[in-house]
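Asks: Please find data.csv (CSV, C-alpha atoms) on the next line:
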chain,number,residue,atom,x,y,z
A,585,MET,CA,18.2,-107.7,40.1
A,586,ASN,CA,17.7,-108.0,43.8
A,587,SER,CA,14.0,-108.0,43.2
A,588,THR,CA,14.3,-110.8,40.7
A,589,ALA,CA,16.5,-112.8,43.1
A,590,ARG,CA,14.0,-112.4,45.9
A,591,THR,CA,11.2,-113.6,43.6
A,592,LEU,CA,13.1,-116.6,42.5
A,593,ARG,CA,14.0,-117.5,46.1
A,594,SER,CA,10.4,-117.1,47.2
A,595,SER,CA,9.2,-119.3,44.4
A,596,ALA,CA,11.8,-121.9,45.3
A,597,THR,CA,10.8,-121.8,48.9
A,598,VAL,CA,7.1,-122.3,48.1
A,599,ALA,CA,8.0,-125.1,45.6
A,600,GLY,CA,10.2,-126.7,48.2
A,601,ALA,CA,7.5,-126.6,50.8
A,602,GLY,CA,5.1,-128.1,48.4
A,603,LEU,CA,7.4,-130.9,47.6
A,604,LEU,CA,8.0,-131.5,51.3
A,605,LEU,CA,4.3,-131.6,52.1
A,606,ALA,CA,3.7,-133.9,49.2
A,607,ALA,CA,6.4,-136.2,50.3
A,608,THR,CA,5.2,-136.1,53.9
A,609,GLY,CA,1.6,-136.8,52.7
A,610,ALA,CA,2.9,-139.8,50.8
A,611,VAL,CA,4.3,-141.2,54.0
A,612,LEU,CA,1.4,-140.4,56.3
A,613,ALA,CA,-1.5,-141.4,54.1
A,614,PRO,CA,-1.1,-145.2,54.3
A,615,ALA,CA,-0.9,-145.0,58.1
A,616,ALA,CA,-4.1,-142.9,58.3
A,617,THR,CA,-5.9,-145.2,56.0
A,618,ALA,CA,-4.8,-148.2,58.1
A,619,ALA,CA,-6.1,-146.6,61.3
A,620,THR,CA,-9.5,-146.0,59.6
A,621,THR,CA,-10.0,-149.5,58.2
A,622,ASP,CA,-8.7,-151.5,61.3
A,623,ALA,CA,-11.4,-150.1,63.8
A,624,GLN,CA,-14.6,-152.0,63.1
A,625,PRO,CA,-17.7,-152.0,65.3
A,626,PRO,CA,-18.4,-155.1,67.3
A,627,ALA,CA,-21.3,-157.4,66.1
A,628,LEU,CA,-23.5,-157.8,69.2
A,629,THR,CA,-26.7,-159.9,69.6
A,630,VAL,CA,-29.1,-160.2,72.6
A,631,SER,CA,-31.5,-162.9,73.8
A,632,THR,CA,-33.8,-162.6,76.8
A,633,ALA,CA,-35.4,-165.6,78.5
A,634,ALA,CA,-38.3,-163.6,79.9
A,635,PRO,CA,-40.6,-165.0,82.6
A,636,ALA,CA,-43.8,-166.5,81.2
A,637,GLU,CA,-45.9,-164.8,83.9
A,638,ILE,CA,-45.6,-162.5,87.0
A,639,GLY,CA,-48.1,-161.6,89.7
A,640,LEU,CA,-49.7,-158.2,89.9
A,641,ALA,CA,-48.6,-156.7,93.3
A,642,GLY,CA,-46.4,-159.8,93.8
A,643,GLN,CA,-42.7,-160.2,94.3
A,644,PRO,CA,-40.3,-160.0,91.3
A,645,VAL,CA,-39.6,-163.1,89.1
A,646,GLU,CA,-36.1,-163.9,87.9
A,647,PHE,CA,-35.0,-164.2,84.3
A,648,THR,CA,-31.9,-163.8,82.2
A,649,THR,CA,-30.5,-161.9,79.3
A,650,THR,CA,-27.6,-163.2,77.3
A,651,ALA,CA,-25.4,-160.8,75.4
A,652,SER,CA,-23.2,-162.2,72.6
A,653,ASN,CA,-20.4,-160.8,70.5
A,654,VAL,CA,-20.5,-162.7,67.2
A,655,GLY,CA,-18.0,-160.5,65.4
A,656,THR,CA,-14.2,-160.3,65.4
A,657,GLU,CA,-13.8,-157.1,67.3
A,658,ASP,CA,-13.8,-156.8,71.1
A,659,THR,CA,-15.8,-154.2,73.0
A,660,THR,CA,-15.2,-152.8,76.5
A,661,SER,CA,-18.6,-151.3,76.9
A,662,ALA,CA,-21.6,-153.5,76.0
A,663,ARG,CA,-24.8,-151.9,77.2
A,664,LEU,CA,-28.3,-153.4,77.9
A,665,ILE,CA,-31.4,-151.3,77.6
A,666,TYR,CA,-35.0,-152.3,78.6
A,667,HIS,CA,-38.4,-151.0,77.5
A,668,ILE,CA,-41.4,-152.3,79.4
A,669,ASP,CA,-44.9,-151.5,78.2
A,670,GLY,CA,-48.0,-152.5,80.2
A,671,GLY,CA,-50.6,-150.2,78.6
A,672,ALA,CA,-52.3,-147.2,80.0
A,673,GLY,CA,-53.3,-148.7,83.4
A,674,LEU,CA,-49.9,-148.6,85.2
A,675,PRO,CA,-49.0,-145.9,87.7
A,676,PRO,CA,-45.4,-144.6,87.8
A,677,ASN,CA,-44.4,-146.9,90.7
A,678,ALA,CA,-45.9,-150.0,89.2
A,679,VAL,CA,-42.9,-151.7,87.6
A,680,SER,CA,-39.5,-152.8,89.1
A,681,LEU,CA,-36.4,-154.2,87.4
A,682,GLN,CA,-33.3,-155.4,89.1
A,683,TYR,CA,-30.1,-157.0,88.0
A,684,ARG,CA,-26.8,-158.5,89.1
A,685,LEU,CA,-23.6,-158.9,87.0
A,686,SER,CA,-21.8,-160.6,89.7
A,687,GLY,CA,-22.1,-161.5,93.4
A,688,THR,CA,-25.4,-162.0,95.2
A,689,ALA,CA,-26.7,-158.5,95.7
A,690,TRP,CA,-29.5,-157.3,93.5
A,691,LYS,CA,-29.2,-153.8,92.1
A,692,THR,CA,-31.9,-151.5,90.8
A,693,VAL,CA,-32.3,-150.5,87.2
A,694,PRO,CA,-33.7,-147.0,87.3
A,695,LEU,CA,-36.9,-146.7,85.2
A,696,THR,CA,-38.6,-143.7,83.7
A,697,LEU,CA,-42.2,-143.7,82.5
A,698,THR,CA,-43.0,-142.0,79.1
A,699,GLY,CA,-46.5,-142.5,77.9
A,700,THR,CA,-47.2,-146.2,78.6
A,701,GLN,CA,-43.5,-147.3,78.4
A,702,PHE,CA,-41.1,-147.8,81.3
A,703,SER,CA,-37.4,-147.5,80.1
A,704,GLY,CA,-34.1,-148.1,81.8
A,705,GLU,CA,-30.5,-149.1,81.2
A,706,LEU,CA,-28.2,-151.2,83.3
A,707,PRO,CA,-26.1,-148.7,85.2
A,708,GLU,CA,-23.0,-150.8,84.5
A,709,SER,CA,-21.6,-151.6,81.0
A,710,PHE,CA,-19.4,-154.7,80.6
A,711,ALA,CA,-16.6,-156.0,78.3
A,712,LEU,CA,-17.4,-158.5,75.7
A,713,ALA,CA,-14.6,-160.1,73.7
A,714,ALA,CA,-15.1,-161.3,70.2
A,715,ALA,CA,-16.9,-164.7,69.9
A,716,GLN,CA,-17.8,-164.5,73.6
A,717,SER,CA,-21.1,-164.3,75.5
A,718,ARG,CA,-22.2,-163.1,78.9
A,719,THR,CA,-25.5,-163.9,80.8
A,720,VAL,CA,-26.9,-161.2,83.1
A,721,GLN,CA,-29.4,-162.2,85.9
A,722,LEU,CA,-32.5,-160.0,86.3
A,723,ARG,CA,-35.8,-159.7,88.2
A,724,LEU,CA,-39.0,-158.2,86.8
A,725,GLY,CA,-41.9,-157.3,89.1
A,726,LEU,CA,-45.2,-155.4,89.2
A,727,PRO,CA,-45.2,-154.3,92.9
A,728,MET,CA,-47.9,-151.7,92.3
A,729,GLY,CA,-46.5,-149.4,95.0
A,730,THR,CA,-44.5,-150.1,98.1
A,731,PRO,CA,-45.1,-152.3,101.2
A,732,HIS,CA,-48.2,-151.2,103.0
A,733,HIS,CA,-48.8,-148.5,100.4
A,734,GLY,CA,-50.3,-150.6,97.5
A,735,ASP,CA,-51.8,-148.8,94.5
A,736,SER,CA,-55.6,-149.0,94.6
A,737,ASN,CA,-56.0,-148.3,90.9
A,738,GLY,CA,-54.4,-149.7,87.8
A,739,GLY,CA,-52.9,-152.9,86.4
A,740,ALA,CA,-52.3,-154.9,83.3
A,741,ASP,CA,-53.0,-158.2,81.7
A,742,GLN,CA,-49.6,-158.4,80.1
A,743,LEU,CA,-46.2,-156.7,79.7
A,744,LYS,CA,-44.3,-156.2,76.5
A,745,LEU,CA,-40.6,-156.5,77.4
A,746,ASN,CA,-38.1,-155.3,74.8
A,747,THR,CA,-34.4,-155.8,75.3
A,748,LEU,CA,-31.8,-153.9,73.3
A,749,ILE,CA,-28.0,-154.1,73.2
A,750,SER,CA,-25.6,-151.4,72.2
A,751,TYR,CA,-22.0,-150.4,72.9
A,752,GLY,CA,-20.0,-147.2,73.7
A,753,THR,CA,-21.9,-144.0,73.9
A,754,SER,CA,-23.5,-143.9,70.5
A,755,GLY,CA,-26.8,-145.2,71.7
A,756,ALA,CA,-27.6,-147.0,68.5
A,757,ALA,CA,-29.0,-150.5,69.1
A,758,ASN,CA,-27.1,-153.4,67.5
A,759,ASP,CA,-29.9,-156.0,68.2
A,760,SER,CA,-33.2,-156.3,70.1
A,761,ASP,CA,-35.4,-159.1,71.5
A,762,GLU,CA,-39.1,-158.7,72.3
A,763,ASP,CA,-41.1,-160.9,74.8
A,764,THR,CA,-44.6,-160.9,76.2
A,765,VAL,CA,-45.0,-161.5,79.9
A,766,LYS,CA,-48.5,-162.5,81.2
A,767,VAL,CA,-49.8,-160.8,84.3
A,768,ASP,CA,-52.2,-162.5,86.7
A,769,GLY,CA,-53.1,-162.2,90.4
A,770,LEU,CA,-54.6,-163.7,93.5
A,771,ASP,CA,-57.8,-165.6,93.5
A,772,ALA,CA,-60.3,-165.4,96.4
A,773,THR,CA,-63.0,-168.1,96.2
A,774,LEU,CA,-65.8,-169.6,98.3
A,775,SER,CA,-66.9,-173.2,98.4
A,776,GLY,CA,-69.9,-175.1,99.8
A,777,VAL,CA,-71.9,-171.9,100.7
A,778,PRO,CA,-75.4,-172.8,102.0
A,779,THR,CA,-78.4,-171.2,100.2
A,780,THR,CA,-80.3,-170.6,103.4
A,781,ALA,CA,-79.7,-169.9,107.1
A,782,THR,CA,-82.1,-169.2,110.0
A,783,ALA,CA,-81.9,-166.0,112.0
A,784,GLY,CA,-81.0,-166.9,115.6
A,785,GLY,CA,-80.3,-170.4,114.5
A,786,PRO,CA,-77.2,-172.5,114.2
A,787,GLY,CA,-74.3,-171.3,112.1
A,788,VAL,CA,-73.8,-172.4,108.5
A,789,THR,CA,-70.3,-173.6,107.4
A,790,PHE,CA,-68.4,-173.2,104.2
A,791,GLY,CA,-64.8,-172.8,102.9
A,792,ALA,CA,-62.8,-169.8,101.7
A,793,THR,CA,-59.5,-170.0,99.8
A,794,VAL,CA,-56.9,-167.4,98.7
A,795,SER,CA,-54.9,-168.9,95.8
A,796,ASN,CA,-51.7,-167.8,94.1
A,797,ALA,CA,-51.4,-169.4,90.7
A,798,THR,CA,-48.6,-167.1,89.5
A,799,ALA,CA,-44.8,-167.4,89.6
A,800,SER,CA,-44.6,-164.5,92.0
A,801,ALA,CA,-44.5,-164.9,95.8
A,802,TYR,CA,-46.7,-162.6,97.7
A,803,GLU,CA,-46.1,-160.7,100.9
A,804,ASN,CA,-48.4,-158.5,103.0
A,805,VAL,CA,-51.6,-160.4,102.0
A,806,THR,CA,-54.8,-159.9,104.0
A,807,GLY,CA,-57.8,-162.1,103.1
A,808,VAL,CA,-61.1,-160.6,104.1
A,809,LEU,CA,-64.7,-162.0,104.1
A,810,PHE,CA,-67.3,-159.3,103.8
A,811,THR,CA,-70.8,-160.0,105.0
A,812,SER,CA,-73.8,-158.6,106.8
A,813,ARG,CA,-73.5,-156.5,110.0
A,814,TYR,CA,-75.9,-159.0,111.5
A,815,ALA,CA,-73.5,-161.9,111.1
A,816,THR,CA,-71.1,-163.6,113.5
A,817,VAL,CA,-68.1,-165.2,111.8
A,818,GLN,CA,-66.0,-168.0,113.2
A,819,VAL,CA,-63.0,-169.7,111.8
A,820,LEU,CA,-61.9,-173.3,112.5
A,821,SER,CA,-58.5,-173.2,114.1
A,822,SER,CA,-56.8,-176.4,115.5
A,823,GLY,CA,-60.2,-178.1,115.9
A,824,THR,CA,-61.8,-175.1,117.7
A,825,TRP,CA,-64.1,-172.4,116.4
A,826,LYS,CA,-62.7,-169.0,117.0
A,827,THR,CA,-64.9,-165.9,116.8
A,828,LEU,CA,-63.5,-163.2,114.5
A,829,LYS,CA,-63.7,-159.5,115.3
A,830,PRO,CA,-65.4,-157.5,112.6
A,831,ILE,CA,-63.3,-154.8,110.9
A,832,THR,CA,-64.7,-151.6,109.6
A,833,ALA,CA,-63.3,-148.5,107.8
A,834,PRO,CA,-64.0,-145.1,109.3
A,835,ALA,CA,-65.4,-143.8,106.0
A,836,GLU,CA,-67.8,-146.7,105.7
A,837,PRO,CA,-68.8,-148.1,109.1
A,838,GLU,CA,-71.6,-150.3,107.5
A,839,VAL,CA,-69.0,-152.4,105.7
A,840,TYR,CA,-68.2,-155.4,107.9
A,841,GLY,CA,-65.1,-157.4,107.0
A,842,PHE,CA,-63.5,-160.4,108.8
A,843,ASP,CA,-59.8,-161.2,108.5
A,844,ILE,CA,-59.7,-164.8,107.2
A,845,THR,CA,-55.9,-165.3,106.6
A,846,GLY,CA,-54.3,-163.1,109.2
A,847,LYS,CA,-52.9,-159.6,108.4
A,848,ASP,CA,-49.8,-159.4,106.3
A,849,SER,CA,-49.6,-163.1,105.6
A,850,SER,CA,-47.4,-164.6,102.8
A,851,LEU,CA,-48.2,-166.8,99.9
A,852,ALA,CA,-45.5,-168.7,98.0
A,853,ALA,CA,-45.6,-169.0,94.2
A,854,HIS,CA,-48.2,-171.6,93.1
A,855,SER,CA,-49.7,-172.0,96.6
A,856,SER,CA,-52.9,-171.3,98.4
A,857,ALA,CA,-54.3,-170.8,101.9
A,858,ALA,CA,-57.7,-172.3,102.8
A,859,ALA,CA,-59.9,-172.1,105.9
A,860,LYS,CA,-63.3,-173.3,107.1
A,861,PHE,CA,-65.8,-170.8,108.4
A,862,ARG,CA,-69.1,-170.8,110.3
A,863,VAL,CA,-71.5,-167.9,110.0
A,864,SER,CA,-74.5,-167.3,112.2
A,865,TYR,CA,-77.1,-164.5,112.0
A,866,LEU,CA,-78.6,-162.6,114.9
A,867,LYS,CA,-82.3,-163.3,115.8
A,868,ASN,CA,-83.2,-159.8,114.7
A,869,THR,CA,-81.7,-160.2,111.2
A,870,PRO,CA,-84.3,-159.1,108.7
A,871,ALA,CA,-85.5,-161.9,106.5
A,872,GLY,CA,-84.2,-162.0,102.9
A,873,LYS,CA,-81.0,-162.4,101.0
A,874,THR,CA,-77.6,-161.6,102.3
A,875,THR,CA,-74.2,-162.0,100.7
A,876,VAL,CA,-70.8,-163.2,101.6
A,877,HIS,CA,-67.9,-161.9,99.5
A,878,PRO,CA,-64.2,-162.9,99.6
A,879,CYS,CA,-61.4,-160.5,98.8
A,880,ALA,CA,-57.6,-160.3,99.2
A,881,PHE,CA,-55.7,-157.1,99.8
A,882,VAL,CA,-52.0,-156.8,99.1
A,883,ASN,CA,-50.0,-154.1,100.9
A,884,GLN,CA,-53.0,-152.8,102.8
A,885,GLY,CA,-52.1,-149.6,104.7
A,886,SER,CA,-53.3,-148.4,108.0
A,887,THR,CA,-56.8,-147.9,106.6
A,888,PRO,CA,-58.7,-151.2,106.2
A,889,PHE,CA,-59.7,-152.5,102.8
A,890,THR,CA,-57.0,-150.5,100.9
A,891,GLY,CA,-54.1,-151.5,98.7
A,892,THR,CA,-54.1,-153.7,95.5
A,893,THR,CA,-57.3,-155.7,95.8
A,894,PHE,CA,-58.5,-159.0,94.3
A,895,CYS,CA,-62.2,-159.9,94.9
A,896,GLY,CA,-63.8,-163.2,93.9
A,897,ALA,CA,-67.4,-164.2,93.2
A,898,SER,CA,-69.8,-163.6,96.0
A,899,ALA,CA,-72.5,-166.0,97.2
A,900,SER,CA,-76.0,-165.3,98.4
A,901,ILE,CA,-77.6,-166.8,101.5
A,902,THR,CA,-81.4,-166.4,102.2
A,903,VAL,CA,-81.9,-165.7,105.9
A,904,LYS,CA,-85.2,-167.0,107.1
A,905,ALA,CA,-87.0,-165.7,110.2
A,906,ALA,CA,-86.4,-167.6,113.4
A,907,ALA,CA,-90.1,-168.6,113.6
A,908,SER,CA,-89.9,-170.5,110.4
A,909,GLY,CA,-87.7,-173.3,111.9
A,910,THR,CA,-86.1,-173.9,108.6
A,911,THR,CA,-82.7,-175.6,108.7
A,912,PRO,CA,-79.9,-174.6,106.3
A,913,THR,CA,-79.5,-176.3,102.9
A,914,THR,CA,-76.4,-176.3,100.9
A,915,SER,CA,-75.4,-175.3,97.4
A,916,ALA,CA,-71.9,-175.8,95.9
A,917,THR,CA,-71.8,-172.9,93.5
A,918,PRO,CA,-71.3,-169.3,94.7
A,919,SER,CA,-73.7,-166.8,93.0
A,920,THR,CA,-72.3,-163.8,91.2
A,921,SER,CA,-75.5,-161.8,91.2
A,922,ALA,CA,-74.3,-159.4,93.9
A,923,THR,CA,-70.8,-159.0,92.5
A,924,PRO,CA,-70.2,-155.5,91.0
A,925,THR,CA,-69.8,-155.5,87.3
A,926,SER,CA,-67.3,-153.4,85.4
A,927,SER,CA,-66.5,-152.2,81.9
A,928,SER,CA,-63.3,-153.2,80.2
A,929,THR,CA,-63.5,-150.2,78.0
A,930,PRO,CA,-60.8,-147.6,78.8
A,931,SER,CA,-62.0,-144.7,80.8
A,932,THR,CA,-60.4,-141.6,82.2
A,933,SER,CA,-62.4,-141.7,85.5
A,934,PRO,CA,-61.8,-144.9,87.4
A,935,THR,CA,-64.6,-144.6,89.9
A,936,THR,CA,-67.2,-146.9,91.4
A,937,THR,CA,-70.7,-145.9,92.2
A,938,THR,CA,-73.5,-147.6,94.1
A,939,THR,CA,-77.2,-146.9,94.3
A,940,ALA,CA,-79.6,-148.4,96.7
A,941,SER,CA,-83.3,-148.2,97.5
A,942,SER,CA,-85.5,-149.9,100.1
A,943,GLY,CA,-85.6,-153.6,99.4
A,944,THR,CA,-83.3,-153.5,96.4
A,945,SER,CA,-79.6,-152.9,95.8
A,946,SER,CA,-77.3,-152.6,92.9
A,947,GLY,CA,-73.6,-151.9,92.3
A,948,THR,CA,-72.1,-150.5,89.1
A,949,THR,CA,-68.6,-149.8,88.2
A,950,SER,CA,-67.2,-147.4,85.7
A,951,GLY,CA,-63.9,-148.8,84.5
A,952,THR,CA,-60.3,-147.8,84.6
A,953,THR,CA,-57.9,-147.4,81.7
A,954,THR,CA,-57.0,-151.1,81.5
A,955,GLN,CA,-57.9,-154.5,82.8
A,956,LEU,CA,-56.3,-155.8,85.9
A,957,ALA,CA,-55.1,-159.3,86.7
A,958,LYS,CA,-58.1,-161.6,87.2
A,959,THR,CA,-59.4,-162.6,90.6
A,960,GLY,CA,-61.9,-164.9,92.0
A,961,SER,CA,-62.9,-168.2,90.5
A,962,GLY,CA,-63.4,-168.7,86.8
A,963,GLY,CA,-64.4,-165.9,84.4
A,964,ILE,CA,-62.3,-163.2,82.8
A,965,SER,CA,-60.5,-160.1,83.9
A,966,ALA,CA,-62.4,-157.0,85.0
A,967,THR,CA,-61.4,-153.4,85.7
A,968,ALA,CA,-60.9,-152.0,89.2
A,969,ALA,CA,-64.0,-152.5,91.3
A,970,SER,CA,-65.3,-152.5,94.8
A,971,ALA,CA,-63.6,-154.4,97.5
A,972,SER,CA,-67.0,-155.1,98.9
A,973,ALA,CA,-70.3,-155.9,97.3
A,974,LEU,CA,-73.6,-154.3,98.0
A,975,ILE,CA,-74.9,-156.7,100.6
A,976,THR,CA,-78.4,-156.9,102.0
A,977,ALA,CA,-79.8,-158.7,104.9
A,978,GLY,CA,-83.5,-158.6,104.1
A,979,ALA,CA,-85.7,-155.9,102.6
A,980,GLY,CA,-84.6,-152.4,103.4
A,981,THR,CA,-81.3,-153.3,105.1
A,982,LEU,CA,-78.2,-152.1,103.3
A,983,GLY,CA,-75.0,-153.9,104.5
A,984,PHE,CA,-72.4,-152.6,102.1
A,985,VAL,CA,-71.7,-149.5,100.1
A,986,ALA,CA,-69.3,-149.8,97.1
A,987,LEU,CA,-65.7,-148.6,97.5
A,988,ARG,CA,-63.4,-147.2,94.9
A,989,ARG,CA,-60.6,-149.1,92.9
A,990,ARG,CA,-60.1,-152.8,92.6
A,991,ARG,CA,-61.2,-155.6,90.3
A,992,ASN,CA,-63.5,-158.6,90.5
A,993,ARG,CA,-63.6,-161.7,88.6
A,994,ALA,CA,-67.3,-162.7,88.2
Let me see the structure of the file written as structure tokens.

Replies:
Amino acid sequence: MNSTARTLRSSATVAGAGLLLAATGAVLAPAATAATTDAQPPALTVSTAAPAEIGLAGQPVEFTTTASNVGTEDTTSARLIYHIDGGAGLPPNAVSLQYRLSGTAWKTVPLTLTGTQFSGELPESFALAAAQSRTVQLRLGLPMGTPHHGDSNGGADQLKLNTLISYGTSGAANDSDEDTVKVDGLDATLSGVPTTATAGGPGVTFGATVSNATASAYENVTGVLFTSRYATVQVLSSGTWKTLKPITAPAEPEVYGFDITGKDSSLAAHSSAAAKFRVSYLKNTPAGKTTVHPCAFVNQGSTPFTGTTFCGASASITVKAAASGTTPTTSATPSTSATPTSSSTPSTSPTTTTTASSGTSSGTTSGTTTQLAKTGSGGISATAASASALITAGAGTLGFVALRRRRNRA
């Protein structure tokens, strides 16, 4: 009897609990369903107005990204992510990206390099209400190092810029926008270079120009004219010829360069700096061909002829013996015969080698992993090459030995 009663009571208790849970479930289920259906993800889109072009080793160029919420749900944490691919020729410190959401101070987007791609996310997320947009200001640059520590190797002809937008912490991209940014650089050119000069005779005059056709401003630019160790170089300054002091590097004392723009000068976007020069040759200059070669160095360090380098087409001058009495004649087109050539085929050993024998000289370059921004006047991009050419001043006289790095435009 008692046993039966306990069994009945237990059954009633279980049945009652079941009815209670069922009833409770009937009340809670609609609320839970409502909570699930009401929370919808925001519909985000992104559009980047990327710069058309930036300068290799130049200052960053501004652009904008517009994030839009085209849905009906707000978000408090819109995120912008950037991927920048310049190919295999960029070192880890080559690319810079900055932003500002408000105010005037630029902030850095930390970038990491994986393979050939630099990636980074804005450190700050931002709210984006339904049917609203927000424009973020950014700056993209290819500094190729730091001030006075410019990279001597590497570069790119273009960058692939991919912008992604996401929200929250999921990491999944809602939308993306891909752009191509052209990369160019400085031009170093000569004009009106004479074809002949006389040893011990009057100087010959010609022009040299360092041009910046890019949208980037440039800082810490040093223009250099390389020529024979038998030459005296003067620059026309305020109507007076000023003699320049030759510059040499300890490792290569036979390489004579003359500062033609002033050390650490600046070039605004789409600007140039030009000067007129007079070059004379010592009476004991060996007869034969010699060469003048213009280059521009960005972020040159304490060692001369270092940093990111742009070299233009060289020009040949035939030096005649003093007894010949020949006066200089002029030619308008610089020769490229003494300019080192380079291969655009990717290589794992970006080195430059030079061979020379009595009375002849040649410079050859084995390329880098990618093309750099073009330099000089006319022609196409070339890989990193010598900052100087192999320059002769008559048979048997070697004026230059090739350096490492750099690029020339022939």

Asks: If we count only C-alpha atoms, what is near Pro830 of chain A at a cut-off of 8 Å, once residues fewer than 5 positions away on the same chain are taken out, given as a list in words?

Replies: Tyr840, Gly841, Phe842 and Asp843 of chain A

Asks: Write out as a list of chain:residue names each polymer residue whose atoms come within 6 Å of Ala792 of chain A, counting all atoms listed in the file; drop sequence neighbours fewer than 6 positions from it.

Replies: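 Counting all atoms listed in the file, the residues come to A:Thr773, A:Leu774, A:Ala858, A:Ala859.
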
Asks: One decimal, in Å: what's the spacing between atom CA of Ile901 of chain A and atom CA of Val817 of chain A?

Replies: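 It comes out at 14.1 Å.
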
Asks: Please compute the atom CA of Leu628 of chain A-atom CA of Ser652 of chain A distance, one decimal, in Å.

Replies: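 Between these atoms lies a distance of 5.6 Å.
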
Asks: Applying 7 Å and only C-alpha atoms, which residues near Asn758 of chain A remain after dropping the ones on its own chain fewer than 2 positions away? List them as a list in words.

Replies: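 Result of the neighbour search: Leu628, Thr629, Ile749, Ser750 and Ala756 of chain A.
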
Asks: What does the file look like for those residues with C-alpha atoms, as a PDB file, in the coordinates of the input?

Replies:
ATOM      1  CA  LEU A 628     -23.500-157.800  69.200  1.00  0.00           C
ATOM      2  CA  THR A 629     -26.700-159.900  69.600  1.00  0.00           C
ATOM      3  CA  ILE A 749     -28.000-154.100  73.200  1.00  0.00           C
ATOM      4  CA  SER A 750     -25.600-151.400  72.200  1.00  0.00           C
ATOM      5  CA  ALA A 756     -27.600-147.000  68.500  1.00  0.00           C
TER       6      ALA A 756
END

Asks: Pick from A:Pro778, A:Phe861, A:Pro837, A:Tyr814: nearest to Gly791 of chain A, with only C-alpha atoms counted?

Replies: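 Selected residue with least distance to Gly791 of chain A: A:Phe861.
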
Asks: Using only C-alpha atoms for the distances, tell me which of A:Glu705, A:Asp768, A:Asp761, A:Glu637 is nearest to Ala651 of chain A.

Replies: A:Asp761

Asks: Which of these residues is nearest to Gly776 of chain A, using only C-alpha atoms: A:Thr688, A:Ser900, A:Gln884, A:Ser703?

Replies: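 Counting only C-alpha atoms, the residue closest to Gly776 of chain A is A:Ser900.
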
Asks: Compile the contact shell of Pro625 of chain A as a list of chain:residue names: residues with an atom at most 10 Å away, counting only C-alpha atoms, same-chain residues fewer than 5 positions apart removed.

Replies: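 The residues that qualify are A:Gly655, A:Thr656, A:Glu657, A:Asp658, A:Thr659, A:Tyr751, A:Gly752, A:Asn758.
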
Asks: Atom CA of Pro635 of chain A to atom CA of Thr660 of chain A: how many Å, to one decimal?

Replies: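 Atom CA of Thr660 of chain A lies 28.8 Å from atom CA of Pro635 of chain A.
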
Asks: Counting only C-alpha atoms, which residues have an atom no more than 6 Å from (-41.9, -147.9, 75.7) in the file's coordinates? Please list them as an mmCIF file with C-alpha atoms, in the coordinates of the input.

Replies:
data_model
loop_
_atom_site.group_PDB
_atom_site.id
_atom_site.type_symbol
_atom_site.label_atom_id
_atom_site.label_comp_id
_atom_site.auth_asym_id
_atom_site.auth_seq_id
_atom_site.Cartn_x
_atom_site.Cartn_y
_atom_site.Cartn_z
ATOM 1 C CA HIS A 667 -38.400 -151.000 77.500
ATOM 2 C CA ILE A 668 -41.400 -152.300 79.400
ATOM 3 C CA ASP A 669 -44.900 -151.500 78.200
ATOM 4 C CA GLN A 701 -43.500 -147.300 78.400
ATOM 5 C CA PHE A 702 -41.100 -147.800 81.300
#

Asks: Select, from A:Ala740, A:Leu726, A:Ala641, A:Ala715, the residue with the minimum atom-to-atom distance to Leu681 of chain A, counting only C-alpha atoms.

Replies: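 Ranking A:Ala740, A:Leu726, A:Ala641, A:Ala715 by distance to Leu681 of chain A, first place goes to A:Leu726.
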
Asks: Pick out the residues sitting within 10 Å of Thr753 of chain A, and hand them over as a PyMOL selection string; count all atoms listed in the file, and ignore anything fewer than 6 positions along from it in its own chain.

Replies: chain A and resi 661-663

Asks: Considering only C-alpha atoms, state which residue in the set A:Asp741, A:Asp759, A:Glu836, A:Asp771 is at the smallest distance from Ala857 of chain A.

Replies: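 Comparing A:Asp741, A:Asp759, A:Glu836, A:Asp771 against Ala857 of chain A, the winner is A:Asp771.
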